[in-house]
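As stored in entry-v4.csv (CSV, C-alpha atoms):
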chain,number,residue,atom,x,y,z
A,986,MET,CA,118.5,118.1,89.5
A,987,SER,CA,114.7,117.9,89.8
A,988,THR,CA,113.0,116.8,92.9
A,989,ARG,CA,111.0,113.5,92.5
A,990,LEU,CA,107.6,113.7,94.2
A,991,LEU,CA,105.1,110.9,94.7
A,992,LEU,CA,101.5,112.1,94.7
A,993,VAL,CA,99.0,109.7,96.3
A,994,GLU,CA,95.5,111.0,95.6
A,995,ASP,CA,92.3,109.2,94.4
A,996,ASP,CA,90.3,112.3,93.4
A,997,VAL,CA,91.1,112.5,89.7
A,998,GLY,CA,90.3,116.3,89.5
A,999,VAL,CA,92.4,117.2,92.5
A,1000,ALA,CA,95.2,114.9,91.4
A,1001,ARG,CA,95.4,116.3,87.8
A,1002,MET,CA,95.4,119.9,89.1
A,1003,LEU,CA,98.2,119.0,91.5
A,1004,GLU,CA,100.2,117.1,89.0
A,1005,ARG,CA,100.0,119.9,86.5
A,1006,GLY,CA,100.9,122.6,89.1
A,1007,LEU,CA,103.7,120.7,90.7
A,1008,ALA,CA,105.2,119.8,87.3
A,1009,GLN,CA,105.2,123.5,86.4
A,1010,ALA,CA,106.9,124.3,89.7
A,1011,GLY,CA,109.7,122.0,88.7
A,1012,TYR,CA,108.8,118.7,90.5
A,1013,ASP,CA,109.1,115.3,88.8
A,1014,VAL,CA,105.7,113.9,89.7
A,1015,ASP,CA,104.5,110.3,89.9
A,1016,TRP,CA,100.8,110.0,90.6
A,1017,GLU,CA,99.1,107.0,92.2
A,1018,ARG,CA,95.5,106.5,93.3
A,1019,THR,CA,95.8,103.6,95.8
A,1020,LEU,CA,98.0,102.5,98.6
A,1021,GLN,CA,98.9,99.3,96.7
A,1022,ASP,CA,100.1,101.2,93.7
A,1023,ALA,CA,101.9,103.8,95.9
A,1024,VAL,CA,103.8,101.0,97.7
A,1025,ALA,CA,104.9,99.6,94.3
A,1026,GLN,CA,106.2,103.1,93.3
A,1027,VAL,CA,108.2,103.7,96.4
A,1028,GLY,CA,109.8,100.3,96.0
A,1029,ARG,CA,110.9,101.2,92.5
A,1030,LEU,CA,111.9,104.9,92.7
A,1031,ALA,CA,113.8,107.1,95.1
A,1032,HIS,CA,111.3,109.9,96.0
A,1033,ASP,CA,112.3,113.0,97.8
A,1034,LEU,CA,108.8,114.1,98.8
A,1035,VAL,CA,105.4,112.5,99.2
A,1036,VAL,CA,102.0,114.3,99.1
A,1037,LEU,CA,99.7,111.8,100.7
A,1038,ASP,CA,95.9,111.7,101.0
A,1039,ARG,CA,94.5,109.9,104.1
A,1040,MET,CA,91.2,108.5,102.7
A,1041,LEU,CA,92.2,106.2,99.9
A,1042,PRO,CA,90.1,103.4,98.2
A,1043,ASP,CA,92.1,100.6,99.9
A,1044,GLY,CA,93.0,102.2,103.2
A,1045,ASP,CA,94.4,105.0,105.3
A,1046,GLY,CA,97.4,106.9,103.9
A,1047,ALA,CA,98.7,107.2,107.4
A,1048,ASP,CA,99.5,103.4,107.3
A,1049,LEU,CA,101.7,104.0,104.3
A,1050,CYS,CA,103.5,106.8,106.0
A,1051,ALA,CA,104.1,104.6,109.1
A,1052,ALA,CA,105.5,101.9,106.9
A,1053,LEU,CA,107.8,104.3,105.2
A,1054,ARG,CA,109.2,105.4,108.5
A,1055,THR,CA,109.5,101.9,109.9
A,1056,PHE,CA,111.5,100.8,106.9
A,1057,GLY,CA,113.7,103.9,106.9
A,1058,HIS,CA,112.5,105.5,103.7
A,1059,PRO,CA,114.0,109.0,103.6
A,1060,ALA,CA,111.2,111.0,101.8
A,1061,ARG,CA,109.5,113.9,103.5
A,1062,VAL,CA,105.8,113.4,103.8
A,1063,CYS,CA,103.1,116.1,103.6
A,1064,MET,CA,99.6,114.7,104.3
A,1065,LEU,CA,96.9,116.5,102.2
A,1066,THR,CA,93.5,115.4,103.4
A,1067,ALA,CA,89.9,116.4,104.4
A,1068,ARG,CA,90.4,114.8,107.8
A,1069,ASP,CA,90.7,117.9,110.0
A,1070,THR,CA,90.1,117.0,113.6
A,1071,LEU,CA,92.9,117.2,116.2
A,1072,ASP,CA,92.9,113.4,116.5
A,1073,ASP,CA,93.3,113.1,112.7
A,1074,LYS,CA,96.3,115.4,112.7
A,1075,LEU,CA,97.9,113.7,115.7
A,1076,ARG,CA,97.4,110.3,114.0
A,1077,GLY,CA,99.2,111.7,110.9
A,1078,PHE,CA,102.1,113.2,112.8
A,1079,ASN,CA,102.4,110.1,115.0
A,1080,ALA,CA,102.6,108.0,111.8
A,1081,GLY,CA,105.6,110.0,110.7
A,1082,ALA,CA,104.2,112.9,108.6
A,1083,ASP,CA,106.4,116.0,108.3
A,1084,ASP,CA,103.5,118.3,107.6
A,1085,TYR,CA,99.7,118.2,107.5
A,1086,LEU,CA,97.5,120.4,105.3
A,1087,VAL,CA,93.7,120.2,105.4
A,1088,LYS,CA,91.5,120.3,102.3
A,1089,PRO,CA,90.2,122.6,100.9
A,1090,PHE,CA,93.6,124.2,100.5
A,1091,GLU,CA,95.4,126.9,98.5
A,1092,PHE,CA,97.9,125.5,96.0
A,1093,ASP,CA,100.4,128.3,96.8
A,1094,GLU,CA,100.4,127.3,100.5
A,1095,LEU,CA,101.0,123.6,99.6
A,1096,LEU,CA,103.9,124.7,97.3
A,1097,ALA,CA,105.4,126.8,100.1
A,1098,ARG,CA,105.2,123.9,102.5
A,1099,LEU,CA,106.9,121.6,100.1
A,1100,HIS,CA,109.7,124.0,99.5
A,1101,ALA,CA,110.2,124.3,103.2
A,1102,LEU,CA,110.3,120.5,103.5
A,1103,GLY,CA,112.8,120.3,100.7
A,1104,ARG,CA,115.1,122.7,102.5
A,1105,ARG,CA,115.2,120.4,105.6
A,1106,GLY,CA,116.8,117.6,103.6
A,1107,PRO,CA,116.0,114.0,104.1
A,1108,PRO,CA,115.3,112.5,107.6
A,1109,GLU,CA,118.3,110.8,109.2
A,1110,ARG,CA,118.5,107.2,108.0
A,1111,PRO,CA,118.3,104.4,110.5
A,1112,GLU,CA,121.6,102.7,111.4
A,1113,LEU,CA,122.3,99.2,110.2
A,1114,ARG,CA,122.6,97.1,113.4
A,1115,ARG,CA,124.5,93.8,113.9
A,1116,ASP,CA,123.8,91.0,116.3
A,1117,ALA,CA,126.9,88.7,116.1
A,1118,GLY,CA,125.5,86.0,118.3
A,1119,ALA,CA,122.5,85.4,116.2
A,1120,ARG,CA,124.2,86.5,112.9
A,1121,VAL,CA,121.3,89.1,112.4
A,1122,LEU,CA,121.4,92.3,110.5
A,1123,ALA,CA,118.6,94.8,111.3
A,1124,LEU,CA,117.4,98.1,109.9
A,1125,GLY,CA,114.4,99.7,111.6
A,1126,ALA,CA,111.9,96.9,112.2
A,1127,ARG,CA,113.4,94.6,109.5
A,1128,ARG,CA,115.8,91.8,110.3
A,1129,VAL,CA,117.6,89.2,108.2
A,1130,THR,CA,119.5,86.2,109.5
A,1131,LEU,CA,122.8,85.3,107.7
A,1132,THR,CA,124.6,82.0,107.3
A,1133,ARG,CA,128.0,81.7,108.8
A,1134,ARG,CA,129.7,82.4,105.5
A,1135,GLU,CA,127.4,85.3,104.6
A,1136,TRP,CA,128.1,86.9,108.0
A,1137,ALA,CA,131.9,86.6,107.6
A,1138,LEU,CA,131.7,88.1,104.2
A,1139,ALA,CA,129.5,91.0,105.4
A,1140,GLN,CA,131.7,92.2,108.2
A,1141,PRO,CA,134.5,93.8,106.2
A,1142,LEU,CA,132.0,95.3,103.8
A,1143,ILE,CA,130.1,96.9,106.7
A,1144,ASP,CA,133.2,97.9,108.6
A,1145,HIS,CA,134.5,99.7,105.5
A,1146,ARG,CA,131.2,100.8,104.0
A,1147,GLY,CA,131.7,103.3,101.2
A,1148,GLU,CA,135.2,101.9,100.5
A,1149,THR,CA,136.3,99.2,98.1
A,1150,VAL,CA,137.1,95.9,99.8
A,1151,ARG,CA,139.4,93.7,97.7
A,1152,ARG,CA,138.2,90.3,96.5
A,1153,GLU,CA,141.1,88.5,98.1
A,1154,ASP,CA,140.4,90.2,101.5
A,1155,LEU,CA,136.8,89.0,101.3
A,1156,LEU,CA,138.0,85.5,100.3
A,1157,ALA,CA,140.3,85.4,103.4
A,1158,ALA,CA,137.6,86.8,105.7
A,1159,ALA,CA,135.0,84.2,104.7
A,1160,TRP,CA,137.1,81.1,103.9
A,1161,GLY,CA,140.4,81.7,105.7
A,1162,GLY,CA,143.0,79.2,104.7
A,1163,GLU,CA,140.7,76.7,103.1
A,1164,ASP,CA,142.0,74.9,100.1
A,1165,LYS,CA,140.3,74.6,96.8
A,1166,VAL,CA,138.2,77.8,97.1
A,1167,SER,CA,137.9,79.7,93.8
A,1168,GLY,CA,137.4,83.4,93.4
A,1169,ASN,CA,134.0,82.7,92.0
A,1170,SER,CA,132.9,81.7,95.5
A,1171,VAL,CA,133.0,85.3,96.5
A,1172,ASP,CA,130.7,86.3,93.6
A,1173,VAL,CA,128.2,83.6,94.5
A,1174,TYR,CA,128.1,84.6,98.2
A,1175,VAL,CA,128.0,88.3,97.4
A,1176,GLY,CA,124.9,87.5,95.4
A,1177,TYR,CA,123.3,85.7,98.4
A,1178,LEU,CA,124.2,88.7,100.6
A,1179,ARG,CA,122.8,91.2,98.1
A,1180,ARG,CA,119.4,89.4,98.2
A,1181,LYS,CA,119.4,89.5,102.1
A,1182,LEU,CA,120.3,93.2,102.1
A,1183,ALA,CA,117.5,93.9,99.7
A,1184,GLU,CA,115.1,92.5,102.2
A,1185,LEU,CA,116.2,95.3,104.6
A,1186,SER,CA,116.2,98.2,102.2
A,1187,GLU,CA,116.8,99.0,98.6
A,1188,ASP,CA,119.1,101.8,99.8
A,1189,ILE,CA,121.6,99.3,101.0
A,1190,ARG,CA,123.5,97.7,98.2
A,1191,ILE,CA,126.8,96.0,97.3
A,1192,GLU,CA,128.4,97.6,94.2
A,1193,THR,CA,131.0,95.7,92.1
A,1194,VAL,CA,134.2,97.6,91.6
A,1195,ARG,CA,135.5,96.1,88.4
A,1196,GLY,CA,138.9,94.6,88.7
A,1197,GLU,CA,139.2,95.4,92.4
A,1198,GLY,CA,136.4,94.0,94.6
A,1199,PHE,CA,133.2,95.2,96.2
A,1200,ARG,CA,131.8,98.2,98.1
A,1201,LEU,CA,128.8,98.4,100.4
A,1202,VAL,CA,126.8,101.6,100.0
A,1203,GLN,CA,124.1,102.9,102.3
How does this structure look as structure tokens?
Amino acid sequence: MSTRLLLVEDDVGVARMLERGLAQAGYDVDWERTLQDAVAQVGRLAHDLVVLDRMLPDGDGADLCAALRTFGHPARVCMLTARDTLDDKLRGFNAGADDYLVKPFEFDELLARLHALGRRGPPERPELRRDAGARVLALGARRVTLTRREWALAQPLIDHRGETVRREDLLAAAWGGEDKVSGNSVDVYVGYLRRKLAELSEDIRIETVRGEGFRLVQ
């Protein structure tokens, strides 16, 4: 399976050289020139690696790196930039970069560094945290508040994440012995819960197991 790589570089000549060379090396490359477009890309696709310039038309690439780390994105980040002072490098690493390569650079060195990052595997994902008193779910710096029914529905899914939780068990957890509650109520509230979880991360999702129930995957 190919490795998906996001290249964030506003210099067209450098970017096209990198895009061509990385594709030849077996990477599946997505190229963006601005922070705004890069943010849109990481929201849509699951990238394994990011090659990130610092000096972009709409800001500092270090801010994107910091945001990826805050929200638990698992991609390894190699900053590739002309900013070469010790303070610049420390700023990059403090923002969460895994490696830092200064321009001008040798392509073979970049390739070797990316291969090394790929061997490390993804960083550890942040844990989904629960505050029962406030009915809050948190992941990294993001928090969502659930209604009483959403909270009751979420607990068995979180407690048994990766496993299928039967529809009738979810109905019992969220509605107890209430009369006149249809099975469709579970679907409606699972939909509400899915939207709340999407605010935390696209990597947390509730899958429908046809004919059985639902499964929370992180």
Closest pair table for range 1044-1144 of chain A residues within 12 Å of range 1153-1158 of chain A, all atoms listed in the file, as CSV:
residue,atom,partner,partner_atom,distance
A:Arg1133,CA,A:Ala1158,CA,11.3
A:Arg1134,CA,A:Ala1158,CA,9.0
A:Glu1135,CA,A:Ala1158,CA,10.4
A:Trp1136,CA,A:Ala1158,CA,9.8
A:Ala1137,CA,A:Ala1158,CA,6.0
A:Leu1138,CA,A:Leu1155,CA,5.9
A:Ala1139,CA,A:Leu1155,CA,8.6
A:Gln1140,CA,A:Ala1158,CA,8.4
A:Pro1141,CA,A:Leu1155,CA,7.2
A:Leu1142,CA,A:Leu1155,CA,8.3
A:Ile1143,CA,A:Leu1155,CA,11.7
List every residue of range 1046-1110 of chain A that has an atom at most 12 Å from any atom of range 1188-1193 of chain A, giving for each one its closest atom pair and the distance in Å to one decimal, counting only C-alpha atoms, sorted by chain and then by ascending residue number, as a Markdown table.
| residue | atom | partner | partner_atom | distance |
| --- | --- | --- | --- | --- |
| A:Phe1056 | CA | A:Asp1188 | CA | 10.4 |
| A:Gly1057 | CA | A:Asp1188 | CA | 9.2 |
| A:His1058 | CA | A:Asp1188 | CA | 8.5 |
| A:Pro1059 | CA | A:Asp1188 | CA | 9.6 |
| A:Arg1110 | CA | A:Asp1188 | CA | 9.8 |
Q: Could you give me, as a VMD selection string, the residues within 12 Å of Val1121 in chain A, counting only C-alpha atoms and dropping anything in the same chain fewer than 2 positions from it?
A: chain A and resid 1113 to 1119 1123 to 1124 1127 to 1133 1135 to 1137 1139 to 1140 1181 to 1182 1185
Q. Which residues come within 9 Å of Leu991 in chain A, counting only C-alpha atoms, excluding same-chain residues fewer than 4 positions away, as a list in words?
A.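 The neighbour list is Asp1013, Val1014, Asp1015, Trp1016, Glu1017, Ala1023, Gln1026, Val1027, His1032, Asp1033, Leu1034, Val1035, Val1036 and Leu1037 of chain A.
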Q: Quote the spacing between CA of Leu1007 in chain A and CA of Glu1094 in chain A in Å to one decimal place.
A: 12.3 Å
Q: Choose the residue, out of A:Arg1195, A:Ala1000, A:Ala1101, A:Arg1200, that has the smallest atom-to-atom separation from Arg1179 in chain A; count all atoms listed in the file.
A: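 Result for the nearest residue to Arg1179 in chain A: A:Arg1200.
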Q.
Ranking A:Gly1046, A:Ala1097, A:Arg1105, A:Ala1010 by minimum distance to Phe1078 in chain A and counting only C-alpha atoms, which one comes first?
A.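 Distance minimum relative to Phe1078 in chain A lands on A:Gly1046.
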(Q) Report, in Å to a single decimal, how far apart CA of Glu1184 in chain A and CA of Val1150 in chain A are. (A)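 Calculated distance between CA of Val1150 in chain A and CA of Glu1184 in chain A is 22.4 Å.
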Q: Could you jot down the CA of Arg1061 in chain A to CA of Gly1011 in chain A separation for me, Å, one decimal place?
A: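 Going from CA of Arg1061 in chain A over to CA of Gly1011 in chain A covers 16.9 Å.
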Q. Which one of A:Leu1071, A:Cys1063, A:Val1024, A:Ala1159 sits closest to Leu1086 in chain A if you count all atoms listed in the file?
A.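 For Leu1086 in chain A, the nearest of the candidates is A:Cys1063.
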Q | Nearest candidate to Leu1020 in chain A (options A:Leu992, A:Leu1095, A:Ala1082, A:Val999; using all atoms listed in the file) | A | A:Leu992
**Q.** From A:Gly1081, A:Phe1092, A:Tyr1174, A:Gln1021, residue lying nearest Ala1052 in chain A [all atoms listed in the file]
**A.**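 Closest to Ala1052 in chain A, using all atoms listed in the file: A:Gly1081.
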Q. Which one is closest to Asn1079 in chain A: A:Asp1048, A:Asp1022, A:Asp1093, A:Asp1144? Count only C-alpha atoms.
A. A:Asp1048
